[in-house]
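Student: mmCIF, C-alpha atoms and all ligand atoms, file run-v3.cif:
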data_start
#
loop_
_atom_site.label_atom_id
_atom_site.label_comp_id
_atom_site.auth_asym_id
_atom_site.auth_seq_id
_atom_site.Cartn_x
_atom_site.Cartn_y
_atom_site.Cartn_z
CA MET I 1 0.00 0.00 0.00
CA LYS I 2 1.32 3.47 -0.87
CA GLN I 3 2.28 5.77 1.97
CA PRO I 4 -0.57 8.14 2.97
CA THR I 5 -0.08 11.84 2.37
CA VAL I 6 -0.28 14.68 4.87
CA PHE I 7 -3.43 15.96 3.19
CA GLU I 8 -5.15 12.57 3.49
CA ILE I 9 -4.45 12.60 7.24
CA ILE I 10 -5.63 16.21 7.67
CA ASN I 11 -8.90 15.28 5.99
CA LEU I 12 -9.54 12.73 8.75
CA THR I 13 -9.39 15.45 11.44
CA PRO I 14 -12.04 18.15 11.98
CA LYS I 15 -9.39 20.70 10.84
CA ASN I 16 -10.28 23.02 13.70
CA ASN I 17 -6.79 23.49 15.20
CA CYS I 18 -8.12 22.90 18.72
CA GLU I 19 -4.59 22.00 19.97
CA LYS I 20 -5.80 19.07 22.12
CA CYS I 21 -3.15 16.87 20.48
CA GLY I 22 -0.43 19.28 21.62
CA TYR I 23 0.14 20.78 18.16
CA LYS I 24 -0.96 24.24 17.08
CA THR I 25 -2.55 23.02 13.86
CA CYS I 26 -4.07 19.87 12.41
CA MET I 27 -1.45 20.10 9.67
CA ALA I 28 1.39 19.93 12.23
CA PHE I 29 -0.35 16.95 13.86
CA ALA I 30 -0.66 15.19 10.49
CA VAL I 31 3.03 15.70 9.73
CA ALA I 32 3.98 14.50 13.22
CA LEU I 33 1.83 11.37 12.80
CA LEU I 34 3.34 10.56 9.44
CA THR I 35 6.87 10.98 10.74
CA GLY I 36 6.39 8.84 13.82
CA LYS I 37 6.47 11.59 16.42
CA ILE I 38 2.99 11.06 17.81
CA LYS I 39 0.30 8.40 18.12
CA ALA I 40 -2.94 8.84 16.22
CA GLU I 41 -5.10 8.70 19.34
CA LYS I 42 -3.59 11.97 20.58
CA CYS I 43 -6.29 13.58 18.41
CA PRO I 44 -9.55 12.60 20.09
CA TYR I 45 -11.53 13.37 16.94
CA ILE I 46 -9.56 11.61 14.22
CA LYS I 47 -11.57 9.12 12.12
CA LEU I 48 -9.88 5.84 13.05
CA GLU I 49 -11.71 3.88 10.36
CA GLY I 50 -10.28 6.26 7.76
CA LEU I 51 -6.80 5.76 9.18
CA LYS I 52 -7.16 2.01 8.85
CA ASN I 53 -8.21 2.46 5.21
CA LEU I 54 -5.00 4.40 4.67
CA GLY I 55 -3.05 1.50 6.12
CA LEU I 56 -2.19 3.24 9.39
CA ASN I 57 -2.52 1.57 12.76
CA SER I 58 -4.07 4.04 15.22
CA ALA I 59 -2.26 2.66 18.27
CA THR I 60 1.28 2.48 16.97
CA LYS I 61 3.58 5.21 15.83
CA GLN I 62 4.63 5.15 12.21
CA LYS I 63 8.30 4.55 11.74
CA LEU I 64 9.57 7.03 9.20
CA SER I 65 12.78 8.83 9.92
CA ILE I 66 12.34 12.07 8.01
CA ASP I 67 11.95 15.56 9.33
CA PRO I 68 8.28 16.76 9.29
CA ASP I 69 9.03 19.89 7.28
CA THR I 70 11.04 17.89 4.74
CA ALA I 71 8.22 15.37 4.41
CA LEU I 72 5.65 18.05 3.70
CA LEU I 73 7.94 19.97 1.34
CA LYS I 74 8.62 16.79 -0.61
CA GLU I 75 4.92 16.16 -0.92
CA LEU I 76 4.11 19.71 -2.02
CA LYS I 77 6.97 19.70 -4.53
CA SER I 78 5.60 16.56 -6.13
CA LYS I 79 2.11 18.10 -6.20
CA ILE I 80 3.29 21.12 -8.19
CA SER I 81 5.59 19.16 -10.50
CA ASN I 82 2.97 19.19 -13.28
CA VAL I 83 1.74 22.76 -12.70
CA ASN I 84 2.34 25.07 -15.66
CA LEU I 85 4.07 27.96 -13.88
CA GLU I 86 3.91 30.24 -16.92
CA LYS I 87 0.15 29.81 -17.15
CA ILE I 88 -0.61 30.60 -13.51
CA ALA I 89 1.88 33.48 -13.08
CA LYS I 90 -0.53 36.32 -13.88
CA ASP I 91 -3.27 35.06 -11.59
CA LEU I 92 -0.80 34.69 -8.72
CA GLY I 93 0.60 38.20 -9.29
CA ALA I 94 4.03 36.76 -10.16
CA ASN I 95 6.55 37.64 -12.88
CA ILE I 96 7.96 35.00 -15.21
CA ILE I 97 11.69 34.39 -15.45
CA LYS I 98 12.87 32.04 -18.17
CA THR I 99 16.16 30.21 -17.64
CA LYS I 100 17.96 27.34 -19.34
CA GLU I 101 16.44 25.03 -16.73
CA GLY I 102 12.87 26.21 -17.34
CA VAL I 103 10.32 28.76 -16.13
CA ASN I 104 10.59 30.33 -12.69
CA LEU I 105 8.17 32.62 -10.88
CA LYS I 106 9.30 35.74 -9.10
CA LEU I 107 7.02 37.27 -6.49
CA LEU I 108 7.09 39.49 -3.44
CA TYR I 109 6.55 37.70 -0.13
CA LEU I 110 6.61 39.74 3.09
CA GLY I 111 9.01 42.34 1.70
CA GLU I 112 11.37 39.94 -0.10
CA ASN I 113 11.69 38.84 -3.72
CA ILE I 114 11.27 35.09 -3.95
CA ILE I 115 12.10 32.78 -6.85
CA ILE I 116 9.93 29.69 -7.25
CA SER I 117 10.75 26.79 -9.57
CA HIS I 118 9.49 23.22 -9.68
CA ASN I 119 12.54 22.16 -7.66
CA SER I 120 13.21 24.96 -5.23
CA ILE I 121 12.07 28.14 -3.52
CA THR I 122 14.78 30.66 -2.64
CA ARG I 123 15.26 34.32 -1.98
CA GLU I 124 16.42 36.31 -5.01
CA ASP I 125 19.92 36.44 -3.48
CA LEU I 126 19.74 32.62 -3.32
CA LYS I 127 19.71 32.62 0.48
CA GLU I 128 17.77 29.75 1.95
CA LEU I 129 14.17 30.33 2.99
CA ASP I 130 12.63 28.99 6.21
CA PRO I 131 10.91 25.65 5.39
CA ARG I 132 7.64 26.99 6.85
CA ASP I 133 7.72 29.84 4.31
CA GLN I 134 8.52 27.38 1.52
CA ILE I 135 5.52 25.28 2.53
CA LEU I 136 3.27 28.34 2.46
CA LEU I 137 4.57 29.42 -0.96
CA TYR I 138 4.15 25.93 -2.44
CA ASN I 139 0.58 25.98 -1.10
CA TYR I 140 0.03 29.33 -2.83
CA VAL I 141 1.24 27.87 -6.14
CA TYR I 142 -0.62 24.58 -5.72
CA PHE I 143 -3.86 26.35 -4.79
CA GLY I 144 -3.71 28.08 -8.17
CA GLY I 145 -6.06 30.98 -7.33
CA LYS I 146 -7.70 32.85 -10.18
CA GLY I 147 -9.03 36.33 -10.80
CA GLU I 148 -8.63 39.65 -9.04
CA LEU I 149 -9.09 40.74 -5.44
CA SER I 150 -12.37 42.37 -4.44
CA GLY I 151 -11.00 45.36 -2.53
CA GLN I 152 -13.52 44.51 0.24
CA TRP I 153 -11.86 43.93 3.61
CA VAL I 154 -13.27 41.39 6.03
CA GLY I 155 -12.36 39.65 9.27
CA LEU I 156 -11.44 35.97 9.21
CA GLU I 157 -14.83 35.18 10.77
CA SER I 158 -16.45 36.09 7.43
CA PHE I 159 -14.97 33.00 5.77
CA PRO I 160 -16.76 29.63 5.97
CA ASN I 161 -15.67 27.12 8.65
CA SER I 162 -13.46 29.67 10.34
CA ILE I 163 -14.61 29.59 13.99
CA SER I 164 -11.62 27.77 15.46
CA LYS I 165 -9.18 29.57 13.17
CA VAL I 166 -10.45 32.93 14.45
CA ASN I 167 -9.18 31.89 17.90
CA THR I 168 -5.83 30.82 16.46
CA LEU I 169 -5.46 34.15 14.64
CA LYS I 170 -6.30 36.06 17.81
CA LYS I 171 -3.96 34.06 20.02
CA TYR I 172 -0.90 33.82 17.77
CA THR I 173 -1.11 37.03 15.76
CA GLU I 174 -3.49 39.74 16.99
CA ASP I 175 -2.85 39.40 20.75
CA LYS I 176 0.90 38.89 20.24
CA LEU I 177 1.21 42.04 18.12
CA ALA I 178 -0.87 44.04 20.59
CA GLN I 179 1.26 42.87 23.51
CA TYR I 180 4.57 43.37 21.70
CA PHE I 181 3.97 46.90 20.38
CA GLY I 182 1.76 48.16 23.25
CA ASP I 183 1.75 51.94 22.88
CA ASN I 184 4.71 52.02 20.47
CA ILE I 185 2.88 52.85 17.25
CA ASP I 186 5.95 54.44 15.62
CA GLU I 187 7.93 51.24 16.09
CA LEU I 188 5.14 49.21 14.46
CA TYR I 189 5.10 51.57 11.48
CA LYS I 190 8.90 51.46 11.18
CA LYS I 191 8.95 47.65 11.12
CA ALA I 192 5.93 47.45 8.79
CA LYS I 193 7.62 49.72 6.22
CA LYS I 194 10.29 47.02 5.82
CA LEU I 195 7.48 44.74 4.65
CA MET I 196 6.36 47.40 2.13
CA ALA I 197 3.40 48.50 4.26
CA GLN I 198 1.22 51.43 3.22
CA LYS I 199 -0.55 53.57 5.81
CA LEU I 200 -4.29 53.76 5.15
CA ARG I 201 -5.70 57.28 4.88
CA VAL I 202 -9.08 56.31 6.27
CA CYS I 203 -8.56 54.60 9.58
CA HIS I 204 -10.72 54.21 12.68
CA ALA I 205 -7.88 52.82 14.78
CA ASP I 206 -4.67 54.58 15.93
CA ILE I 207 -2.91 53.27 12.84
CA CYS I 208 -4.06 51.10 9.91
CA LEU I 209 -1.52 49.45 7.66
CA GLU I 210 -1.77 47.37 4.51
CA ILE I 211 0.99 44.82 3.98
CA PRO I 212 1.37 42.93 0.67
CA ALA I 213 2.12 39.59 2.35
CA LEU I 214 1.66 37.86 -1.01
CA PRO I 215 0.58 39.52 -4.28
CA LYS I 216 -2.98 38.15 -3.93
CA VAL I 217 -3.00 37.93 -0.13
CA PRO I 218 -2.58 41.44 1.25
CA LEU I 219 -3.27 41.89 4.96
CA GLN I 220 -4.50 44.90 6.89
CA ILE I 221 -3.45 45.58 10.49
CA HIS I 222 -5.77 47.83 12.49
CA PHE I 223 -3.94 48.80 15.66
CA TRP I 224 -5.23 50.56 18.77
CA GLY I 225 -2.32 51.45 21.07
CA LYS I 226 -2.29 50.88 24.81
CA ASP I 227 -3.71 53.82 26.78
CA ILE I 228 -2.29 53.75 30.30
CA GLU I 229 -4.34 56.74 31.54
CA GLU I 230 -7.61 55.30 30.30
CA GLY I 231 -6.59 51.77 31.30
CA PHE I 232 -7.03 50.29 27.80
CA ASP I 233 -4.78 47.49 26.55
CA ALA I 234 -3.54 47.57 22.96
CA GLN I 235 -5.76 45.81 20.43
CA VAL I 236 -5.19 44.49 16.93
CA LYS I 237 -7.57 43.35 14.22
CA ILE I 238 -6.29 41.68 11.05
CA LEU I 239 -8.41 41.98 7.91
CA PHE I 240 -8.27 40.01 4.65
CA ASP I 241 -9.54 40.73 1.16
CA SER I 242 -12.85 38.91 0.80
CA ARG I 243 -11.41 36.93 -2.16
CA ALA I 244 -8.21 35.91 -0.32
CA ILE I 245 -9.84 32.53 0.30
CA LYS I 246 -9.63 31.92 -3.47
CA PHE I 247 -5.83 32.06 -3.24
CA LEU I 248 -5.05 30.11 -0.06
CA ASP I 249 -6.89 27.73 2.25
CA ILE I 250 -7.98 29.22 5.56
CA GLU I 251 -5.25 27.53 7.56
CA SER I 252 -2.60 29.00 5.27
CA LEU I 253 -4.22 32.46 5.51
CA VAL I 254 -3.88 32.30 9.30
CA PHE I 255 -0.30 31.11 8.94
CA THR I 256 0.48 34.01 6.57
CA ALA I 257 -0.71 36.46 9.22
CA GLU I 258 1.33 34.62 11.84
CA ARG I 259 4.52 34.85 9.74
CA MET I 260 3.85 38.54 9.12
CA ALA I 261 3.58 39.10 12.88
CA GLU I 262 6.80 37.15 13.51
CA LYS I 263 8.64 39.32 10.98
CA LEU I 264 7.26 42.51 12.52
CA MET I 265 8.36 41.39 15.98
CA GLY I 266 11.72 39.96 14.81
S1 LIG X 301 -6.54 17.41 18.37
FE1 LIG X 301 -4.98 18.17 16.94
S2 LIG X 301 -5.38 17.16 15.02
FE2 LIG X 301 -7.19 16.86 16.30
S3 LIG X 301 -8.54 18.53 15.71
FE3 LIG X 301 -7.38 19.26 17.44
S4 LIG X 301 -5.56 20.27 16.51
FE4 LIG X 301 -6.53 19.05 14.92
#
Represent the structure of the file as structure tokens.
Tutor:
Amino acid sequence: MKQPTVFEIINLTPKNNCEKCGYKTCMAFAVALLTGKIKAEKCPYIKLEGLKNLGLNSATKQKLSIDPDTALLKELKSKISNVNLEKIAKDLGANIIKTKEGVNLKLLYLGENIIISHNSITREDLKELDPRDQILLYNYVYFGGKGELSGQWVGLESFPNSISKVNTLKKYTEDKLAQYFGDNIDELYKKAKKLMAQKLRVCHADICLEIPALPKVPLQIHFWGKDIEEGFDAQVKILFDSRAIKFLDIESLVFTAERMAEKLMG
């Protein structure tokens, strides 16, 4: 029987990132299961019958000795191996670079130029990219979104099946940014400019910024600074274009916001 894929495992979970298994996301759990780091029953909701059909024993760890990130990257690479990069470039907001080896895509990701080929994802200066970013970018290519953005900004809660992800976004992005920057709005703006942020003219918060995280996945940060005199803590709300969901799955959208926050706080 062929080895199950990460996506097949994820589809057996409720995909709600509840963290009861000890991992932040169902995707991380699926990778851990496939690489022998965790037993299936650590997720109380996983469909055991489905696991059996995939040839996995729920009670025993799988014995594969590959790193989780490498396993997922390998899988994603094979999934995009037949994708026509030239054909999807425009829809993804990427430029085409033709080389002797074939067609590459060049796109802006969180303030950096990235080169994507069927075999690798690197920065333009060829420096290695964090595997988590590579996974996100392969997902962006594999998703193969089409069309333009709507220009309508919405909270994550507007997307279908987003309830648990709203909590993840709040915990790992919005609350962390609020806590980190507190009343230091200038510092937030300074860091955001490195990610090519634009300040919004119309803003009901203390500062509103638009960051082109990916060409078709821009993010808005609405930031209310901490007010010691009034006793208000800082607050952050992240907004997405209402068509962002056509370019990445909801879990990847949340992860994009998380990476943006990490870069701002780095
Ligand atoms: S326990 Fe883990 S794998 Fe199961 S739903 Fe929660 S986060 Fe996902």
Student: I'd like the interatomic distance between atom CA of His118 of chain I and atom CA of Glu148 of chain I, to a tenth of an Å.
Tutor: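 Atom CA of His118 of chain I sits 24.5 Å away from atom CA of Glu148 of chain I.
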Student: Check which residues fall inside 6 Å of ligand LIG 301 (chain X) when counting all atoms listed in the file, and print them as a PDB file with C-alpha atoms, in the frame of the given file.
Tutor:
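Output file result_11.pdb is given in full below:
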ATOM      1  CA  THR I  13      -9.390  15.450  11.440  1.00  0.00           C
ATOM      2  CA  PRO I  14     -12.040  18.150  11.980  1.00  0.00           C
ATOM      3  CA  LYS I  15      -9.390  20.700  10.840  1.00  0.00           C
ATOM      4  CA  ASN I  16     -10.280  23.020  13.700  1.00  0.00           C
ATOM      5  CA  ASN I  17      -6.790  23.490  15.200  1.00  0.00           C
ATOM      6  CA  CYS I  18      -8.120  22.900  18.720  1.00  0.00           C
ATOM      7  CA  GLU I  19      -4.590  22.000  19.970  1.00  0.00           C
ATOM      8  CA  LYS I  20      -5.800  19.070  22.120  1.00  0.00           C
ATOM      9  CA  CYS I  21      -3.150  16.870  20.480  1.00  0.00           C
ATOM     10  CA  TYR I  23       0.140  20.780  18.160  1.00  0.00           C
ATOM     11  CA  THR I  25      -2.550  23.020  13.860  1.00  0.00           C
ATOM     12  CA  CYS I  26      -4.070  19.870  12.410  1.00  0.00           C
ATOM     13  CA  PHE I  29      -0.350  16.950  13.860  1.00  0.00           C
ATOM     14  CA  CYS I  43      -6.290  13.580  18.410  1.00  0.00           C
ATOM     15  CA  PRO I  44      -9.550  12.600  20.090  1.00  0.00           C
ATOM     16  CA  TYR I  45     -11.530  13.370  16.940  1.00  0.00           C
TER      17      TYR I  45
END
Student: Under the rule that all atoms listed in the file are counted, which of I:Pro4, I:Asn113, I:Ala89, I:Leu156 is the nearest residue to Lys127 of chain I?
Tutor: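 Looking at the shortest contact to Lys127 of chain I, the residue is I:Asn113.
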Student: Go through I:Ser150, I:Asn95, I:Thr5, I:Gln220 one by one, measure the shortest atom-to-atom distance of each to Ala71 of chain I using only C-alpha atoms, and give the residue with the smallest value.
Tutor: I:Thr5
Student: Measuring atom to atom with all atoms listed in the file, identify which of I:Cys203, I:Leu177, I:Ile185, I:Leu137 is nearest to Phe247 of chain I.
Tutor: I:Leu137
Student: Counting all atoms listed in the file, figure out which residue out of I:Arg259, I:Lys87, I:Lys52, I:Pro212 gets nearest to Asp130 of chain I.
Tutor: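 Once distances to Asp130 of chain I are computed over all atoms listed in the file, the minimum belongs to I:Arg259.
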Student: Grab the atom CA of Lys171 of chain I to atom CA of Glu258 of chain I distance for me, in Å with one decimal place.
Tutor: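 Interatomic distance, atom CA of Lys171 of chain I to atom CA of Glu258 of chain I: 9.8 Å.
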Student: Can you tell me how far atom CA of Ala94 of chain I sits from atom CA of Arg123 of chain I, in Å to one decimal?
Tutor: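 A separation of 14.1 Å between them.
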Student: Of the candidates I:Gly50, I:Gly182, I:Gly266, I:Pro215, which shows the shortest atom-to-atom distance to Ile228 of chain I, using all atoms listed in the file?
Tutor: I:Gly182
Student: Restricting the calculation to only C-alpha atoms, which member of I:Glu187, I:Glu49, I:Asp125, I:Asp206 is positioned closest to Val236 of chain I?
Tutor: I:Asp206
Student: I'd like the neighbourhood of Lys193 of chain I as a short mmCIF file (atom, residue, chain, number, x, y, z; two decimals) with C-alpha atoms, in the coordinates of the input, where a residue qualifies if any of its atoms comes within 12 Å (using all atoms listed in the file), though same-chain residues fewer than 3 positions away should be ignored.
Tutor:
data_model
loop_
_atom_site.label_atom_id
_atom_site.label_comp_id
_atom_site.auth_asym_id
_atom_site.auth_seq_id
_atom_site.Cartn_x
_atom_site.Cartn_y
_atom_site.Cartn_z
CA LEU I 110 6.61 39.74 3.09
CA GLY I 111 9.01 42.34 1.70
CA ASP I 186 5.95 54.44 15.62
CA GLU I 187 7.93 51.24 16.09
CA LEU I 188 5.14 49.21 14.46
CA TYR I 189 5.10 51.57 11.48
CA LYS I 190 8.90 51.46 11.18
CA MET I 196 6.36 47.40 2.13
CA ALA I 197 3.40 48.50 4.26
CA GLN I 198 1.22 51.43 3.22
CA LYS I 199 -0.55 53.57 5.81
CA LEU I 209 -1.52 49.45 7.66
CA GLU I 210 -1.77 47.37 4.51
CA ILE I 211 0.99 44.82 3.98
CA PRO I 212 1.37 42.93 0.67
CA LYS I 263 8.64 39.32 10.98
CA LEU I 264 7.26 42.51 12.52
#
Student: Quick one: residues within 10 Å of Leu73 of chain I, only C-alpha atoms counted, chain neighbours fewer than 6 positions away excluded, as a VMD selection string?
Tutor: chain I and resid 67 79 120 131 to 132 134 to 136 138 to 139
